[in-house]
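What follows is the content of model_10.csv, which has CSV, C-alpha atoms and all ligand atoms:
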chain,number,residue,atom,x,y,z
A,1,MET,CA,3.1,-6.9,18.8
A,2,SER,CA,2.5,-5.8,15.3
A,3,GLU,CA,6.3,-6.3,14.7
A,4,THR,CA,5.8,-10.0,14.7
A,5,THR,CA,2.7,-10.1,12.5
A,6,ASP,CA,3.3,-11.9,9.2
A,7,THR,CA,1.1,-11.7,6.2
A,8,ILE,CA,1.2,-12.3,2.5
A,9,PHE,CA,2.8,-8.9,2.1
A,10,GLY,CA,5.6,-10.0,4.4
A,11,LYS,CA,6.2,-12.9,2.0
A,12,ILE,CA,6.3,-10.5,-0.9
A,13,ILE,CA,8.9,-8.4,0.9
A,14,ARG,CA,11.0,-11.5,1.5
A,15,ARG,CA,10.5,-12.7,-2.1
A,16,GLU,CA,8.8,-15.9,-0.8
A,17,ILE,CA,6.0,-15.2,-3.3
A,18,LYS,CA,6.1,-13.3,-6.5
A,19,ALA,CA,4.6,-9.9,-7.1
A,20,ASP,CA,4.8,-7.4,-10.0
A,21,ILE,CA,7.0,-4.9,-8.2
A,22,VAL,CA,6.9,-1.3,-9.5
A,23,TYR,CA,9.0,0.5,-6.9
A,24,GLU,CA,11.3,-0.3,-4.0
A,25,ASP,CA,13.6,1.5,-1.7
A,26,GLU,CA,15.0,0.7,1.7
A,27,LEU,CA,11.8,1.6,3.5
A,28,VAL,CA,8.9,0.7,1.2
A,29,LEU,CA,7.8,-1.6,-1.6
A,30,ALA,CA,5.1,-1.1,-4.3
A,31,PHE,CA,3.5,-3.8,-6.4
A,32,LYS,CA,0.5,-4.3,-8.6
A,33,ASP,CA,-2.7,-5.4,-6.9
A,34,ILE,CA,-3.5,-9.0,-7.8
A,35,ASN,CA,-7.2,-8.2,-8.0
A,36,ALA,CA,-7.1,-4.8,-9.6
A,37,GLN,CA,-10.1,-2.5,-9.1
A,38,ALA,CA,-9.1,0.1,-11.7
A,39,PRO,CA,-6.8,0.2,-14.8
A,40,VAL,CA,-4.0,1.2,-12.4
A,41,HIS,CA,-4.1,-0.4,-8.9
A,42,ILE,CA,-0.9,-0.5,-6.9
A,43,ILE,CA,-0.3,-1.5,-3.3
A,44,LEU,CA,2.4,0.5,-1.4
A,45,ILE,CA,3.6,-0.9,1.9
A,46,PRO,CA,6.2,-0.1,4.5
A,47,LYS,CA,8.7,-2.9,4.9
A,48,LYS,CA,8.2,-2.5,8.7
A,49,PRO,CA,5.2,-4.7,9.4
A,50,ILE,CA,2.8,-2.3,11.0
A,51,ALA,CA,-0.5,-4.2,11.1
A,52,ARG,CA,-2.7,-1.2,10.3
A,53,LEU,CA,-2.8,2.5,10.5
A,54,ALA,CA,-4.3,2.4,14.0
A,55,GLU,CA,-1.1,0.7,15.2
A,56,ALA,CA,1.3,3.3,13.9
A,57,GLU,CA,3.0,5.3,16.6
A,58,SER,CA,4.6,8.7,16.8
A,59,ASP,CA,8.0,7.0,16.1
A,60,ASP,CA,6.6,6.1,12.7
A,61,ALA,CA,6.0,9.7,11.6
A,62,ASN,CA,8.9,9.9,9.2
A,63,LEU,CA,8.0,6.5,7.7
A,64,LEU,CA,4.3,7.6,7.2
A,65,GLY,CA,5.4,10.8,5.6
A,66,HIS,CA,7.8,8.8,3.3
A,67,LEU,CA,4.9,6.5,2.4
A,68,LEU,CA,2.6,9.3,1.3
A,69,LEU,CA,5.3,11.1,-0.7
A,70,THR,CA,6.2,7.7,-2.3
A,71,ALA,CA,2.6,7.2,-3.2
A,72,LYS,CA,2.8,10.5,-5.1
A,73,HIS,CA,6.0,9.3,-6.8
A,74,VAL,CA,4.6,5.9,-7.7
A,75,ALA,CA,1.4,7.5,-9.1
A,76,GLU,CA,3.6,9.7,-11.3
A,77,ILE,CA,5.6,6.6,-12.5
A,78,ALA,CA,2.3,5.0,-13.3
A,79,GLY,CA,1.3,8.0,-15.5
A,80,LEU,CA,-1.5,9.2,-13.2
A,81,GLN,CA,-0.2,12.8,-12.6
A,82,THR,CA,-2.4,14.5,-15.2
A,83,ASN,CA,-5.8,12.9,-14.7
A,84,GLY,CA,-5.4,12.2,-11.0
A,85,TYR,CA,-5.8,9.2,-8.8
A,86,ARG,CA,-7.2,8.0,-5.5
A,87,ILE,CA,-5.3,7.0,-2.4
A,88,VAL,CA,-7.0,4.6,0.0
A,89,ILE,CA,-6.1,3.1,3.4
A,90,ASN,CA,-8.5,0.5,4.7
A,91,ASN,CA,-8.2,0.2,8.5
A,92,GLY,CA,-9.8,-2.7,10.4
A,93,PRO,CA,-13.0,-4.7,9.7
A,94,ASP,CA,-15.3,-1.8,9.0
A,95,GLY,CA,-12.7,-0.2,6.8
A,96,GLY,CA,-12.6,-3.4,4.7
A,97,GLN,CA,-9.1,-4.3,5.5
A,98,THR,CA,-8.2,-7.9,4.6
A,99,VAL,CA,-4.4,-7.9,4.8
A,100,TYR,CA,-3.1,-6.8,8.2
A,101,HIS,CA,0.1,-5.2,7.0
A,102,LEU,CA,-0.4,-1.4,6.6
A,103,HIS,CA,-0.8,-0.5,2.9
A,104,ILE,CA,-1.9,2.3,0.6
A,105,HIS,CA,-4.0,1.6,-2.4
A,106,ILE,CA,-3.1,3.8,-5.4
A,107,LEU,CA,-6.0,3.7,-7.9
A,108,GLY,CA,-6.3,5.4,-11.2
A,109,GLY,CA,-7.0,5.2,-14.9
A,110,ARG,CA,-10.8,5.7,-14.6
A,111,GLN,CA,-13.2,8.2,-12.9
A,112,MET,CA,-13.7,7.3,-9.3
A,113,ALA,CA,-17.1,7.3,-7.6
A,114,TRP,CA,-18.0,9.0,-4.4
A,115,PRO,CA,-19.0,8.0,-1.8
A,116,PRO,CA,-17.0,4.8,-1.8
A,117,GLY,CA,-19.0,1.6,-1.3
A,201,LIG,P1,-7.3,-4.5,1.9
A,201,LIG,O1,-8.6,-5.0,1.6
A,201,LIG,O2,-7.2,-3.0,2.0
A,201,LIG,O3,-6.6,-5.2,3.0
A,201,LIG,O4,-6.4,-4.7,0.6
A,201,LIG,C1,-5.6,-5.9,0.4
A,201,LIG,C2,-5.3,-5.9,-1.1
A,201,LIG,O5,-4.2,-6.8,-1.3
A,201,LIG,C3,-6.5,-6.3,-2.0
A,201,LIG,O6,-6.8,-5.3,-2.9
A,201,LIG,C4,-5.9,-7.6,-2.6
A,201,LIG,O7,-6.4,-7.8,-4.0
A,201,LIG,C5,-4.4,-7.4,-2.5
A,201,LIG,N1,-3.6,-8.6,-2.5
A,201,LIG,C6,-3.8,-9.7,-1.8
A,201,LIG,N2,-2.9,-10.6,-2.0
A,201,LIG,C7,-2.1,-10.1,-3.0
A,201,LIG,C8,-0.9,-10.5,-3.7
A,201,LIG,N3,-0.4,-11.7,-3.5
A,201,LIG,N4,-0.3,-9.7,-4.6
A,201,LIG,C9,-0.9,-8.5,-4.9
A,201,LIG,N5,-1.9,-8.0,-4.2
A,201,LIG,C10,-2.5,-8.8,-3.3
Output the file's structure in the form of structure tokens.
Ligand code: AMP
Amino acid sequence: MSETTDTIFGKIIRREIKADIVYEDELVLAFKDINAQAPVHIILIPKKPIARLAEAESDDANLLGHLLLTAKHVAEIAGLQTNGYRIVINNGPDGGQTVYHLHIHILGGRQMAWPPG
């Protein structure tokens, strides 16, 4: 079901709309968030259109592992390795998810607050 879901992120993958892409490989794509919440705010997505984390399945284990390791790599590319960064996955309405294509937020360049809003 989630395989057929299309979103604005699907359009970015297919280059139907522009994004400021910072990393890409055969499985994932990373681009700058259009409404940045920190000096560095990058969105990292699998090219496979999993709607949200709750819809990932055991077959996606390698992809999810690759996503997390790529988040680390993208954070390093963005210069965040020394001071650190925050990784966020919003899942569903209470999680604040607005785009239903699984994505990781990579946020850095300022001190983060806790608890999150
Ligand atoms: P979430 O609220 O977790 O679903 O996050 C969706 C994120 O996608 C938000 O931070 C938006 O600012 C971001 N976003 C939406 N449309 C675009 C776009 N066209 N290019 C880059 N980021 C986008």
Which one is closest to ligand LIG 201 (chain A): A:Ser58, A:Asn83, A:Gln37, A:Thr98? Count all atoms listed in the file.
->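 Selected residue with least distance to ligand LIG 201 (chain A): A:Thr98.
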With only C-alpha atoms and all ligand atoms as the basis for distance, which of A:Val40, A:Val99, A:Leu67, A:Val22 is at the shortest distance from ligand LIG 201 (chain A)?
->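 Among the listed residues, A:Val99 lies closest to ligand LIG 201 (chain A).
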10 Å shell around ligand LIG 201 (chain A) using only C-alpha atoms and all ligand atoms, listed as number ranges by chain = A: 7-9, 11-12, 17-21, 30-37, 41-44, 52, 88-93, 95-105
For A:Leu80, which residue among A:Ile50, A:Ile45, A:Leu27, A:Gly109 is the nearest when counting only C-alpha atoms?
->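 Closest to A:Leu80 of all the choices is A:Gly109.
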Could you work out how far atom CA of A:Gly65 lies from atom CA of A:Asp94, giving the answer in Å with one decimal?
-> 24.5 Å
Of the candidates A:Ala51, A:Tyr23, A:Arg15, A:Met112, which shows the shortest atom-to-atom distance to A:Lys72, using all atoms listed in the file?
->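 For A:Lys72, the nearest of the given residues is A:Tyr23.
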Any idea what's packed within 12 Å of A:Leu63, counting only C-alpha atoms, ignoring anything in its chain fewer than 6 positions away? Could you give it as an NGL selection string?
-> :A and (26-28 or 45-50 or 53 or 56-57 or 69-70 or 102)
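Here atom CA of A:Gly108 and atom CA of A:Ala78 stand 8.9 Å from one another.
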Would you work out the distance separating atom CA of A:Ala71 from atom CA of A:Gln111, expressed in Å to one decimal?
-> 18.6 Å
Pick out the closest residue to A:Trp114 from this set: A:Gly79, A:Arg86, A:Leu29, A:Asp59. Count all atoms listed in the file.
-> A:Arg86
Counting only C-alpha atoms, the residue of A:Gly117, A:Asp6, A:Leu107, A:Asp25 that sits nearest A:Pro39 |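 The answer is A:Leu107, which sits nearest to A:Pro39.
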Model the absent atoms of stretch 15-39 of chain A so that N, CA, C and O atoms are present, and write the result as a PDB file, keeping the file's coordinate frame.
ATOM      1  N   ARG A  15      10.404 -11.996  -0.801  1.00  0.00           N
ATOM      2  CA  ARG A  15      10.500 -12.700  -2.100  1.00  0.00           C
ATOM      3  C   ARG A  15      10.112 -14.175  -1.964  1.00  0.00           C
ATOM      4  O   ARG A  15      10.568 -15.016  -2.734  1.00  0.00           O
ATOM      5  N   GLU A  16       9.302 -14.495  -0.986  1.00  0.00           N
ATOM      6  CA  GLU A  16       8.800 -15.900  -0.800  1.00  0.00           C
ATOM      7  C   GLU A  16       7.682 -16.165  -1.798  1.00  0.00           C
ATOM      8  O   GLU A  16       7.429 -17.317  -2.143  1.00  0.00           O
ATOM      9  N   ILE A  17       6.942 -15.122  -2.151  1.00  0.00           N
ATOM     10  CA  ILE A  17       6.000 -15.200  -3.300  1.00  0.00           C
ATOM     11  C   ILE A  17       6.221 -14.073  -4.201  1.00  0.00           C
ATOM     12  O   ILE A  17       6.740 -13.030  -3.806  1.00  0.00           O
ATOM     13  N   LYS A  18       5.810 -14.280  -5.461  1.00  0.00           N
ATOM     14  CA  LYS A  18       6.100 -13.300  -6.500  1.00  0.00           C
ATOM     15  C   LYS A  18       5.069 -12.174  -6.486  1.00  0.00           C
ATOM     16  O   LYS A  18       3.899 -12.373  -6.144  1.00  0.00           O
ATOM     17  N   ALA A  19       5.525 -11.011  -6.871  1.00  0.00           N
ATOM     18  CA  ALA A  19       4.600  -9.900  -7.100  1.00  0.00           C
ATOM     19  C   ALA A  19       5.230  -9.062  -8.228  1.00  0.00           C
ATOM     20  O   ALA A  19       6.425  -9.163  -8.527  1.00  0.00           O
ATOM     21  N   ASP A  20       4.361  -8.279  -8.859  1.00  0.00           N
ATOM     22  CA  ASP A  20       4.800  -7.400 -10.000  1.00  0.00           C
ATOM     23  C   ASP A  20       5.233  -6.074  -9.326  1.00  0.00           C
ATOM     24  O   ASP A  20       4.437  -5.153  -9.171  1.00  0.00           O
ATOM     25  N   ILE A  21       6.493  -6.007  -8.929  1.00  0.00           N
ATOM     26  CA  ILE A  21       7.000  -4.900  -8.200  1.00  0.00           C
ATOM     27  C   ILE A  21       7.267  -3.684  -9.113  1.00  0.00           C
ATOM     28  O   ILE A  21       7.892  -3.839 -10.161  1.00  0.00           O
ATOM     29  N   VAL A  22       6.759  -2.515  -8.717  1.00  0.00           N
ATOM     30  CA  VAL A  22       6.900  -1.300  -9.500  1.00  0.00           C
ATOM     31  C   VAL A  22       7.848  -0.288  -8.906  1.00  0.00           C
ATOM     32  O   VAL A  22       8.312   0.631  -9.593  1.00  0.00           O
ATOM     33  N   TYR A  23       8.096  -0.415  -7.616  1.00  0.00           N
ATOM     34  CA  TYR A  23       9.000   0.500  -6.900  1.00  0.00           C
ATOM     35  C   TYR A  23       9.488  -0.094  -5.640  1.00  0.00           C
ATOM     36  O   TYR A  23       8.729  -0.794  -4.957  1.00  0.00           O
ATOM     37  N   GLU A  24      10.742   0.185  -5.299  1.00  0.00           N
ATOM     38  CA  GLU A  24      11.300  -0.300  -4.000  1.00  0.00           C
ATOM     39  C   GLU A  24      12.381   0.646  -3.566  1.00  0.00           C
ATOM     40  O   GLU A  24      13.185   1.132  -4.360  1.00  0.00           O
ATOM     41  N   ASP A  25      12.405   0.930  -2.272  1.00  0.00           N
ATOM     42  CA  ASP A  25      13.600   1.500  -1.700  1.00  0.00           C
ATOM     43  C   ASP A  25      13.826   0.865  -0.325  1.00  0.00           C
ATOM     44  O   ASP A  25      13.218  -0.181  -0.039  1.00  0.00           O
ATOM     45  N   GLU A  26      14.669   1.438   0.496  1.00  0.00           N
ATOM     46  CA  GLU A  26      15.000   0.700   1.700  1.00  0.00           C
ATOM     47  C   GLU A  26      13.872   0.647   2.732  1.00  0.00           C
ATOM     48  O   GLU A  26      13.864  -0.222   3.595  1.00  0.00           O
ATOM     49  N   LEU A  27      12.870   1.502   2.564  1.00  0.00           N
ATOM     50  CA  LEU A  27      11.800   1.600   3.500  1.00  0.00           C
ATOM     51  C   LEU A  27      10.448   1.020   3.035  1.00  0.00           C
ATOM     52  O   LEU A  27       9.603   0.620   3.852  1.00  0.00           O
ATOM     53  N   VAL A  28      10.230   1.040   1.729  1.00  0.00           N
ATOM     54  CA  VAL A  28       8.900   0.700   1.200  1.00  0.00           C
ATOM     55  C   VAL A  28       9.002  -0.150  -0.054  1.00  0.00           C
ATOM     56  O   VAL A  28      10.058  -0.244  -0.691  1.00  0.00           O
ATOM     57  N   LEU A  29       7.860  -0.759  -0.398  1.00  0.00           N
ATOM     58  CA  LEU A  29       7.800  -1.600  -1.600  1.00  0.00           C
ATOM     59  C   LEU A  29       6.399  -1.355  -2.222  1.00  0.00           C
ATOM     60  O   LEU A  29       5.393  -1.255  -1.503  1.00  0.00           O
ATOM     61  N   ALA A  30       6.350  -1.263  -3.553  1.00  0.00           N
ATOM     62  CA  ALA A  30       5.100  -1.100  -4.300  1.00  0.00           C
ATOM     63  C   ALA A  30       4.960  -2.152  -5.341  1.00  0.00           C
ATOM     64  O   ALA A  30       5.922  -2.452  -6.053  1.00  0.00           O
ATOM     65  N   PHE A  31       3.757  -2.715  -5.454  1.00  0.00           N
ATOM     66  CA  PHE A  31       3.500  -3.800  -6.400  1.00  0.00           C
ATOM     67  C   PHE A  31       2.085  -3.725  -6.900  1.00  0.00           C
ATOM     68  O   PHE A  31       1.209  -3.165  -6.225  1.00  0.00           O
ATOM     69  N   LYS A  32       1.826  -4.321  -8.071  1.00  0.00           N
ATOM     70  CA  LYS A  32       0.500  -4.300  -8.600  1.00  0.00           C
ATOM     71  C   LYS A  32      -0.457  -5.169  -7.824  1.00  0.00           C
ATOM     72  O   LYS A  32      -0.080  -6.290  -7.430  1.00  0.00           O
ATOM     73  N   ASP A  33      -1.675  -4.654  -7.595  1.00  0.00           N
ATOM     74  CA  ASP A  33      -2.700  -5.400  -6.900  1.00  0.00           C
ATOM     75  C   ASP A  33      -3.079  -6.641  -7.725  1.00  0.00           C
ATOM     76  O   ASP A  33      -3.319  -6.514  -8.932  1.00  0.00           O
ATOM     77  N   ILE A  34      -3.173  -7.800  -7.097  1.00  0.00           N
ATOM     78  CA  ILE A  34      -3.500  -9.000  -7.800  1.00  0.00           C
ATOM     79  C   ILE A  34      -4.959  -9.066  -8.255  1.00  0.00           C
ATOM     80  O   ILE A  34      -5.325  -9.846  -9.145  1.00  0.00           O
ATOM     81  N   ASN A  35      -5.778  -8.229  -7.676  1.00  0.00           N
ATOM     82  CA  ASN A  35      -7.200  -8.200  -8.000  1.00  0.00           C
ATOM     83  C   ASN A  35      -7.580  -6.710  -8.274  1.00  0.00           C
ATOM     84  O   ASN A  35      -8.343  -6.089  -7.521  1.00  0.00           O
ATOM     85  N   ALA A  36      -7.045  -6.190  -9.378  1.00  0.00           N
ATOM     86  CA  ALA A  36      -7.100  -4.800  -9.600  1.00  0.00           C
ATOM     87  C   ALA A  36      -8.565  -4.264  -9.754  1.00  0.00           C
ATOM     88  O   ALA A  36      -9.399  -4.886 -10.419  1.00  0.00           O
ATOM     89  N   GLN A  37      -8.825  -3.129  -9.092  1.00  0.00           N
ATOM     90  CA  GLN A  37     -10.100  -2.500  -9.100  1.00  0.00           C
ATOM     91  C   GLN A  37     -10.209  -1.294 -10.022  1.00  0.00           C
ATOM     92  O   GLN A  37     -11.224  -0.588 -10.063  1.00  0.00           O
ATOM     93  N   ALA A  38      -9.139  -1.072 -10.757  1.00  0.00           N
ATOM     94  CA  ALA A  38      -9.100   0.100 -11.700  1.00  0.00           C
ATOM     95  C   ALA A  38      -7.932  -0.285 -12.674  1.00  0.00           C
ATOM     96  O   ALA A  38      -7.123  -1.181 -12.409  1.00  0.00           O
ATOM     97  N   PRO A  39      -7.871   0.440 -13.813  1.00  0.00           N
ATOM     98  CA  PRO A  39      -6.800   0.200 -14.800  1.00  0.00           C
ATOM     99  C   PRO A  39      -5.396   0.224 -14.128  1.00  0.00           C
ATOM    100  O   PRO A  39      -4.512  -0.543 -14.510  1.00  0.00           O
TER     101      PRO A  39
END
